[in-house]
$ cat entry-v8.cif   # mmCIF, C-alpha atoms
data_target
loop_
_atom_site.label_atom_id
_atom_site.label_comp_id
_atom_site.auth_asym_id
_atom_site.auth_seq_id
_atom_site.Cartn_x
_atom_site.Cartn_y
_atom_site.Cartn_z
CA MET A 12 67.11 260.91 53.15
CA HIS A 13 64.50 262.17 55.53
CA ALA A 14 64.30 265.38 57.45
CA GLY A 15 64.88 265.60 61.16
CA LEU A 16 62.43 264.31 63.69
CA ARG A 17 61.73 266.05 66.94
CA ILE A 18 59.53 264.48 69.51
CA THR A 19 58.76 266.11 72.82
CA ALA A 20 56.32 264.97 75.46
CA PHE A 21 54.60 266.67 78.32
CA THR A 22 52.26 265.72 81.14
CA ALA A 23 49.60 267.86 82.75
CA ALA A 24 47.16 267.57 85.62
CA LEU A 25 44.13 265.46 84.89
CA ALA A 26 41.24 267.50 83.60
CA ALA A 27 37.74 266.64 82.51
CA THR A 28 37.35 265.88 78.85
CA PHE A 29 34.92 267.90 76.84
CA GLY A 30 33.74 268.98 73.42
CA THR A 31 32.52 267.17 70.39
CA ALA A 32 35.10 264.67 69.19
CA TYR A 33 35.44 264.67 65.42
CA GLY A 34 34.73 261.43 63.59
CA VAL A 35 37.39 260.27 61.19
CA GLY A 36 38.63 263.59 59.92
CA GLN A 37 38.09 267.28 60.36
CA ALA A 38 38.59 270.11 57.91
CA PHE A 39 40.41 273.37 58.52
CA ASP A 40 40.01 275.55 55.47
CA PRO A 41 41.12 279.20 55.59
CA VAL A 42 42.98 280.56 52.57
CA VAL A 43 46.60 280.95 53.61
CA ASP A 44 49.69 282.58 52.18
CA ASP A 45 52.20 280.32 50.48
CA PRO A 46 55.43 280.62 52.48
CA ALA A 47 58.84 280.00 51.02
CA PRO A 48 60.35 276.54 51.61
CA ALA A 49 62.13 276.16 54.92
CA ARG A 50 64.92 273.93 56.05
CA HIS A 51 64.11 271.13 58.47
CA ASP A 52 66.56 271.09 61.35
CA THR A 53 67.49 267.88 63.11
CA HIS A 54 65.77 267.31 66.41
CA PRO A 55 66.62 264.67 69.02
CA ARG A 56 64.74 261.41 68.73
CA ALA A 57 62.54 260.10 71.46
CA SER A 58 64.09 257.34 73.52
CA ALA A 59 62.84 253.80 73.37
CA GLU A 60 60.22 252.71 75.83
CA PRO A 61 61.83 250.94 78.80
CA GLU A 62 61.36 247.21 79.13
CA GLY A 63 58.06 246.42 80.76
CA GLY A 64 56.45 249.66 79.57
CA GLY A 65 53.58 247.70 78.05
CA GLY A 66 50.90 249.26 75.96
CA GLY A 67 49.94 252.03 78.34
CA HIS A 68 51.69 255.17 79.49
CA GLY A 69 53.84 253.52 82.13
CA GLY A 70 57.61 253.70 82.43
CA HIS A 71 59.96 256.65 82.22
CA GLU A 72 61.32 258.29 79.09
CA ALA A 73 65.11 258.59 79.19
CA GLU A 74 65.28 262.20 77.99
CA PRO A 75 63.68 265.11 79.89
CA ALA A 76 60.30 265.74 78.33
CA GLY A 77 59.58 269.08 76.72
CA GLY A 78 56.27 270.76 77.48
CA LEU A 79 56.12 269.25 80.96
CA GLN A 80 56.47 272.67 82.47
CA ILE A 81 55.80 276.30 81.84
CA SER A 82 59.51 277.11 82.29
CA GLN A 83 62.56 275.35 80.87
CA GLY A 84 66.13 276.24 79.99
CA GLY A 85 65.79 279.74 81.43
CA TYR A 86 62.65 280.58 79.40
CA THR A 87 59.05 280.91 80.58
CA LEU A 88 55.74 280.89 78.75
CA ASP A 89 53.74 283.78 80.23
CA LEU A 90 50.19 283.10 79.04
CA THR A 91 48.33 286.32 79.80
CA THR A 92 45.05 284.92 78.43
CA ALA A 93 44.11 282.16 80.86
CA ARG A 94 40.40 281.93 80.02
CA VAL A 95 38.22 282.42 76.95
CA THR A 96 34.52 281.90 76.21
CA ALA A 97 33.62 278.86 74.11
CA GLY A 98 32.11 279.75 70.74
CA LYS A 99 33.24 283.36 70.96
CA ARG A 100 36.18 284.91 69.13
CA SER A 101 38.84 285.94 71.64
CA GLU A 102 42.37 287.31 71.53
CA LEU A 103 45.00 284.89 72.80
CA ARG A 104 48.07 286.72 74.12
CA PHE A 105 51.35 285.53 75.63
CA VAL A 106 55.00 286.43 76.10
CA ILE A 107 58.14 284.28 76.18
CA ARG A 108 60.38 285.58 78.97
CA ASP A 109 64.06 284.95 79.63
CA SER A 110 65.65 284.17 82.99
CA ALA A 111 65.70 287.88 83.87
CA GLY A 112 61.98 288.25 83.14
CA ARG A 113 62.53 290.19 79.92
CA ALA A 114 60.33 289.56 76.89
CA VAL A 115 62.19 287.63 74.19
CA THR A 116 62.21 289.48 70.86
CA ALA A 117 64.76 287.42 68.85
CA TYR A 118 63.92 283.98 67.47
CA GLN A 119 65.28 281.58 64.89
CA ARG A 120 62.92 280.72 62.05
CA GLU A 121 62.02 277.03 61.82
CA HIS A 122 59.61 275.69 59.21
CA ASP A 123 58.97 279.22 57.95
CA LYS A 124 57.93 280.62 61.34
CA GLU A 125 59.55 282.03 64.47
CA LEU A 126 57.04 280.23 66.68
CA HIS A 127 54.43 277.50 66.25
CA LEU A 128 51.47 277.47 68.62
CA ILE A 129 49.37 274.34 69.15
CA VAL A 130 46.06 274.49 71.02
CA ALA A 131 44.37 271.16 71.77
CA SER A 132 41.42 270.14 73.89
CA ARG A 133 41.82 267.49 76.55
CA ASP A 134 39.59 265.09 74.62
CA LEU A 135 41.59 265.77 71.41
CA GLY A 136 38.41 266.69 69.54
CA THR A 137 39.60 270.26 68.92
CA TYR A 138 42.99 271.03 67.42
CA ARG A 139 44.49 274.31 66.29
CA HIS A 140 47.88 274.88 64.65
CA LEU A 141 48.37 278.63 64.84
CA HIS A 142 51.01 281.17 63.91
CA PRO A 143 50.57 284.27 66.07
CA THR A 144 51.94 287.73 65.38
CA ARG A 145 54.76 289.16 67.51
CA ALA A 146 54.73 292.84 68.45
CA GLY A 147 57.93 294.84 68.88
CA ASP A 148 57.76 294.47 72.66
CA GLY A 149 57.75 290.66 72.39
CA THR A 150 54.01 290.11 72.94
CA TRP A 151 52.49 287.38 70.76
CA SER A 152 48.79 287.49 69.86
CA ILE A 153 46.25 285.76 67.64
CA PRO A 154 42.45 285.51 67.53
CA VAL A 155 41.01 282.12 68.51
CA ASP A 156 37.51 280.67 68.44
CA LEU A 157 37.30 277.48 70.48
CA PRO A 158 34.02 275.66 69.80
CA ARG A 159 33.57 273.73 73.06
CA ALA A 160 33.90 274.43 76.76
CA GLY A 161 36.46 272.69 78.93
CA GLY A 162 40.20 272.46 79.43
CA TYR A 163 42.74 273.06 76.68
CA ARG A 164 46.50 272.78 76.51
CA VAL A 165 48.51 275.53 74.81
CA PHE A 166 52.11 274.89 73.89
CA ALA A 167 54.64 277.10 72.18
CA ASP A 168 57.29 275.51 69.95
CA PHE A 169 60.24 277.85 69.29
CA THR A 170 64.00 278.35 69.26
CA PRO A 171 65.35 281.56 70.81
CA GLY A 172 67.75 283.67 68.80
CA GLY A 173 71.45 283.33 69.49
CA LYS A 174 74.16 280.86 68.68
CA GLY A 175 73.67 277.40 70.14
CA ALA A 176 70.09 278.02 71.33
CA GLU A 177 68.01 274.85 71.66
CA ASN A 178 64.48 274.24 70.49
CA LEU A 179 61.92 274.33 73.32
CA THR A 180 58.30 273.39 73.80
CA LEU A 181 56.64 275.14 76.75
CA GLY A 182 53.10 274.31 77.84
CA ALA A 183 50.33 276.06 79.75
CA ASP A 184 46.66 275.43 80.48
CA LEU A 185 43.78 277.39 79.00
CA ALA A 186 40.12 277.21 80.04
CA ALA A 187 37.09 277.81 77.81
CA SER A 188 33.91 278.63 79.71
CA GLY A 189 30.47 277.44 78.65
CA PRO A 190 28.27 274.32 78.70
CA TYR A 191 30.34 271.19 79.24
CA GLU A 192 29.77 267.86 77.49
CA PRO A 193 32.53 265.22 77.42
CA GLN A 194 32.90 262.98 74.37
CA PRO A 195 34.97 259.83 73.76
CA LEU A 196 37.89 259.63 71.38
CA PRO A 197 36.87 258.41 67.89
CA ALA A 198 37.69 254.78 67.12
CA PRO A 199 40.78 253.98 65.03
CA ARG A 200 40.17 254.01 61.27
CA ARG A 201 42.39 253.95 58.22
CA THR A 202 40.71 256.70 56.21
CA ALA A 203 39.69 260.28 56.97
CA LYS A 204 37.19 262.32 54.98
CA VAL A 205 37.91 266.07 54.74
CA HIS A 206 35.33 267.82 52.54
CA ASP A 207 35.78 266.20 49.13
CA TYR A 208 39.23 264.87 50.01
CA GLU A 209 39.99 261.44 51.41
CA VAL A 210 43.25 260.61 53.20
CA ARG A 211 44.39 257.04 53.78
CA LEU A 212 46.88 256.12 56.51
CA ASP A 213 49.24 253.16 56.13
CA GLY A 214 51.84 252.03 58.64
CA ALA A 215 51.88 251.79 62.42
CA LEU A 216 53.13 254.04 65.20
CA ARG A 217 55.48 251.98 67.40
CA PRO A 218 56.87 252.74 70.86
CA GLY A 219 60.63 253.11 70.93
CA THR A 220 61.03 252.13 67.27
CA ALA A 221 61.14 254.41 64.26
CA GLY A 222 58.60 253.52 61.61
CA GLU A 223 57.12 254.98 58.45
CA LEU A 224 53.68 256.52 58.33
CA LYS A 225 52.45 257.05 54.78
CA LEU A 226 49.40 259.15 54.01
CA LYS A 227 47.80 259.22 50.57
CA VAL A 228 45.60 262.15 49.54
CA SER A 229 42.83 261.76 46.96
CA ARG A 230 39.95 263.96 45.82
CA ASP A 231 36.72 262.64 44.37
CA GLY A 232 38.43 259.27 43.99
CA ARG A 233 41.46 260.63 42.10
CA PRO A 234 45.00 260.88 43.53
CA VAL A 235 46.10 264.46 44.28
CA THR A 236 49.46 264.98 42.56
CA ASP A 237 49.79 268.75 42.92
CA LEU A 238 49.96 269.37 46.65
CA GLN A 239 51.42 272.76 47.55
CA PRO A 240 54.21 273.40 50.08
CA TYR A 241 52.96 274.21 53.56
CA LEU A 242 55.54 275.19 56.19
CA GLY A 243 58.26 274.05 53.81
CA ALA A 244 56.82 270.59 53.15
CA TYR A 245 53.98 268.79 51.38
CA GLY A 246 52.57 267.71 54.73
CA HIS A 247 52.86 268.55 58.39
CA LEU A 248 52.05 265.94 61.05
CA VAL A 249 51.45 266.39 64.78
CA ALA A 250 50.60 263.50 67.12
CA LEU A 251 49.15 263.86 70.62
CA ARG A 252 48.93 260.99 73.10
CA SER A 253 45.53 260.49 74.63
CA GLY A 254 45.45 260.99 78.38
CA ASP A 255 48.42 263.27 79.02
CA LEU A 256 48.75 264.90 75.57
CA ALA A 257 52.36 263.86 75.00
CA TYR A 258 53.41 265.88 71.96
CA LEU A 259 55.09 264.48 68.86
CA HIS A 260 56.02 266.93 66.11
CA VAL A 261 56.95 264.76 63.15
CA HIS A 262 58.70 266.00 60.01
CA PRO A 263 58.25 264.46 56.57
CA ASN A 264 60.64 262.31 54.61
CA GLY A 265 61.89 264.71 51.95
CA GLU A 266 60.90 268.25 51.06
CA PRO A 267 59.89 270.27 48.00
CA GLY A 268 62.73 270.97 45.61
CA ASP A 269 65.02 268.16 46.77
CA GLY A 270 64.79 266.42 43.42
CA THR A 271 63.09 263.28 44.67
CA THR A 272 60.02 264.26 46.71
CA LYS A 273 56.84 264.40 44.64
CA PRO A 274 53.90 266.75 45.41
CA GLY A 275 51.55 263.89 46.24
CA PRO A 276 49.57 261.82 46.43
CA ASP A 277 51.81 260.21 49.09
CA VAL A 278 53.27 262.10 52.04
CA SER A 279 55.65 260.02 54.15
CA PHE A 280 56.83 260.55 57.74
CA THR A 281 59.16 258.73 60.11
CA ALA A 282 57.93 258.70 63.71
CA THR A 283 58.73 257.07 67.03
CA ALA A 284 56.16 256.98 69.82
CA PRO A 285 57.58 257.76 73.29
CA SER A 286 55.45 254.94 74.76
CA GLY A 287 52.61 252.60 74.00
CA GLY A 288 49.11 254.01 74.00
CA THR A 289 46.47 255.70 71.89
CA TYR A 290 47.35 258.76 69.81
CA ARG A 291 45.51 261.28 67.68
CA LEU A 292 47.30 262.21 64.43
CA TYR A 293 46.65 265.52 62.64
CA LEU A 294 47.86 265.86 59.04
CA ASP A 295 47.95 269.37 57.55
CA PHE A 296 48.18 269.56 53.77
CA LYS A 297 47.67 272.38 51.29
CA HIS A 298 45.87 272.21 47.95
CA GLU A 299 44.52 274.95 45.70
CA GLY A 300 45.49 277.62 48.20
CA LYS A 301 43.73 276.11 51.23
CA VAL A 302 45.05 274.15 54.19
CA HIS A 303 43.10 271.07 55.26
CA THR A 304 43.55 268.87 58.32
CA ALA A 305 42.74 265.17 58.45
CA ALA A 306 42.60 263.53 61.89
CA PHE A 307 43.15 259.88 62.82
CA THR A 308 43.05 257.84 66.00
CA VAL A 309 45.77 255.16 66.20
CA ARG A 310 46.95 252.65 68.78
CA THR A 311 50.66 251.92 68.90
CA GLY A 312 51.87 248.76 67.24
CA THR A 313 48.57 248.12 65.47
CA PRO A 314 47.59 249.33 61.99
CA ALA A 315 44.15 250.90 61.86
CA PRO A 316 41.40 248.48 60.79
CA ALA A 317 40.25 248.59 57.20
CA GLU A 318 36.77 249.85 56.37
CA ASP A 319 34.66 250.22 53.25
CA HIS A 320 33.82 253.88 53.76
CA PRO A 321 35.24 256.64 55.94
CA ALA A 322 32.99 257.98 58.66
CA PRO A 323 31.32 261.39 58.32
CA HIS A 324 33.38 264.43 59.26
CA GLU A 325 32.84 267.81 60.84
CA ASP A 326 34.32 271.06 59.64
CA ALA A 327 36.16 273.66 61.69
CA SER A 328 38.82 276.31 61.29
CA GLY A 329 42.18 275.29 62.64
CA HIS A 330 44.96 277.40 61.15
CA GLY A 331 46.06 280.95 61.65
CA HIS A 332 48.82 283.41 61.02
#
$ encode --input "entry-v8.cif" --output "structure tokens"
Amino acid sequence: MHAGLRITAFTAALAATFGTAYGVGQAFDPVVDDPAPARHDTHPRASAEPEGGGGGHGGHEAEPAGGLQISQGGYTLDLTTARVTAGKRSELRFVIRDSAGRAVTAYQREHDKELHLIVASRDLGTYRHLHPTRAGDGTWSIPVDLPRAGGYRVFADFTPGGKGAENLTLGADLAASGPYEPQPLPAPRRTAKVHDYEVRLDGALRPGTAGELKLKVSRDGRPVTDLQPYLGAYGHLVALRSGDLAYLHVHPNGEPGDGTTKPGPDVSFTATAPSGGTYRLYLDFKHEGKVHTAAFTVRTGTPAPAEDHPAPHEDASGHGH
């Protein structure tokens, strides 16, 4: 039995790409607290790609896409920090407001948190999975340090408090000032190097069809069999579509304590792409008290090519509480 899968997609105005794209993998290594296991709620699946959708981003998705707008379902993402300076630590602040303009102060906890914040650059070279702090007046805040100048997309993933409330993903744009240098997306590869860890990806992401993605974690050539729970699972996977940053939040097959799911080396996910295209996958996993992120570029319907050695990686910090 696998946990629920929620896939939402959003489009945004075209913006210049920027930043240094990471090679095969990138490492995000702060020491984090070990949260208690969380339940994985069921989310609606993405619809199949319409006939004739091809391998690009054409066609229409049957369900309304989350993250397309700053307001949805009577809630608005009020991003009070619209600009930061690249390479400088800044405070990112925002409020979720209801239909009357009041700050929301009651949320349901999902995957150990009231709200998940993703910050991604337009070229997908920078990725942050953050967990901001909420003040009593409903203001969320967290320090961020974005390494490159250019356009970013910020999206908040949350479920308001109250019976029958639905999960929402609201998106807004963020600019980072500084010298601008666009970089291409890294080529698809099957392995990602993250410090002394190596992660191998097997399986293919397919438009309109659910499929298994299996990631195997090893360290210094040995399988890692003692992964630690992170956000209530042994792995956390986010996929972003290149071009419009369609957002797929994929939950793993199984969870710690269910009697069948082992703590590595394999972490398995079931995912459905909303359309054909190129995607960037970000796997978060925790080992020896630190969270690491391995990044992959994949094209739908095609397994990544095999290679003898993973490409070099760059290190950055990408998690926060």
$ atom_distance --input "entry-v8.cif" --atom1 "CA of Ala114 (chain A)" --atom2 "CA of Ala146 (chain A)"
10.6 Å
$ atom_distance --input "entry-v8.cif" --atom1 "CA of Leu128 (chain A)" --atom2 "CA of Val235 (chain A)"
28.1 Å
$ axis_aligned_box --input "entry-v8.cif" --around "region 262-273 of chain A" --padding-each-side "3 Å" --output "JSON"
{"center_x": 60.9, "center_y": 266.6, "center_z": 51.7, "size_x": 14.2, "size_y": 14.7, "size_z": 22.6}
$ atom_distance --input "entry-v8.cif" --atom1 "CA of Gly268 (chain A)" --atom2 "CA of Asp123 (chain A)"
15.3 Å
$ closest_residue --input "entry-v8.cif" --among "A:Val95, A:Leu88, A:Ala198, A:Ala215" --to "Phe307 (chain A)" --atoms "only C-alpha atoms"
A:Ala198
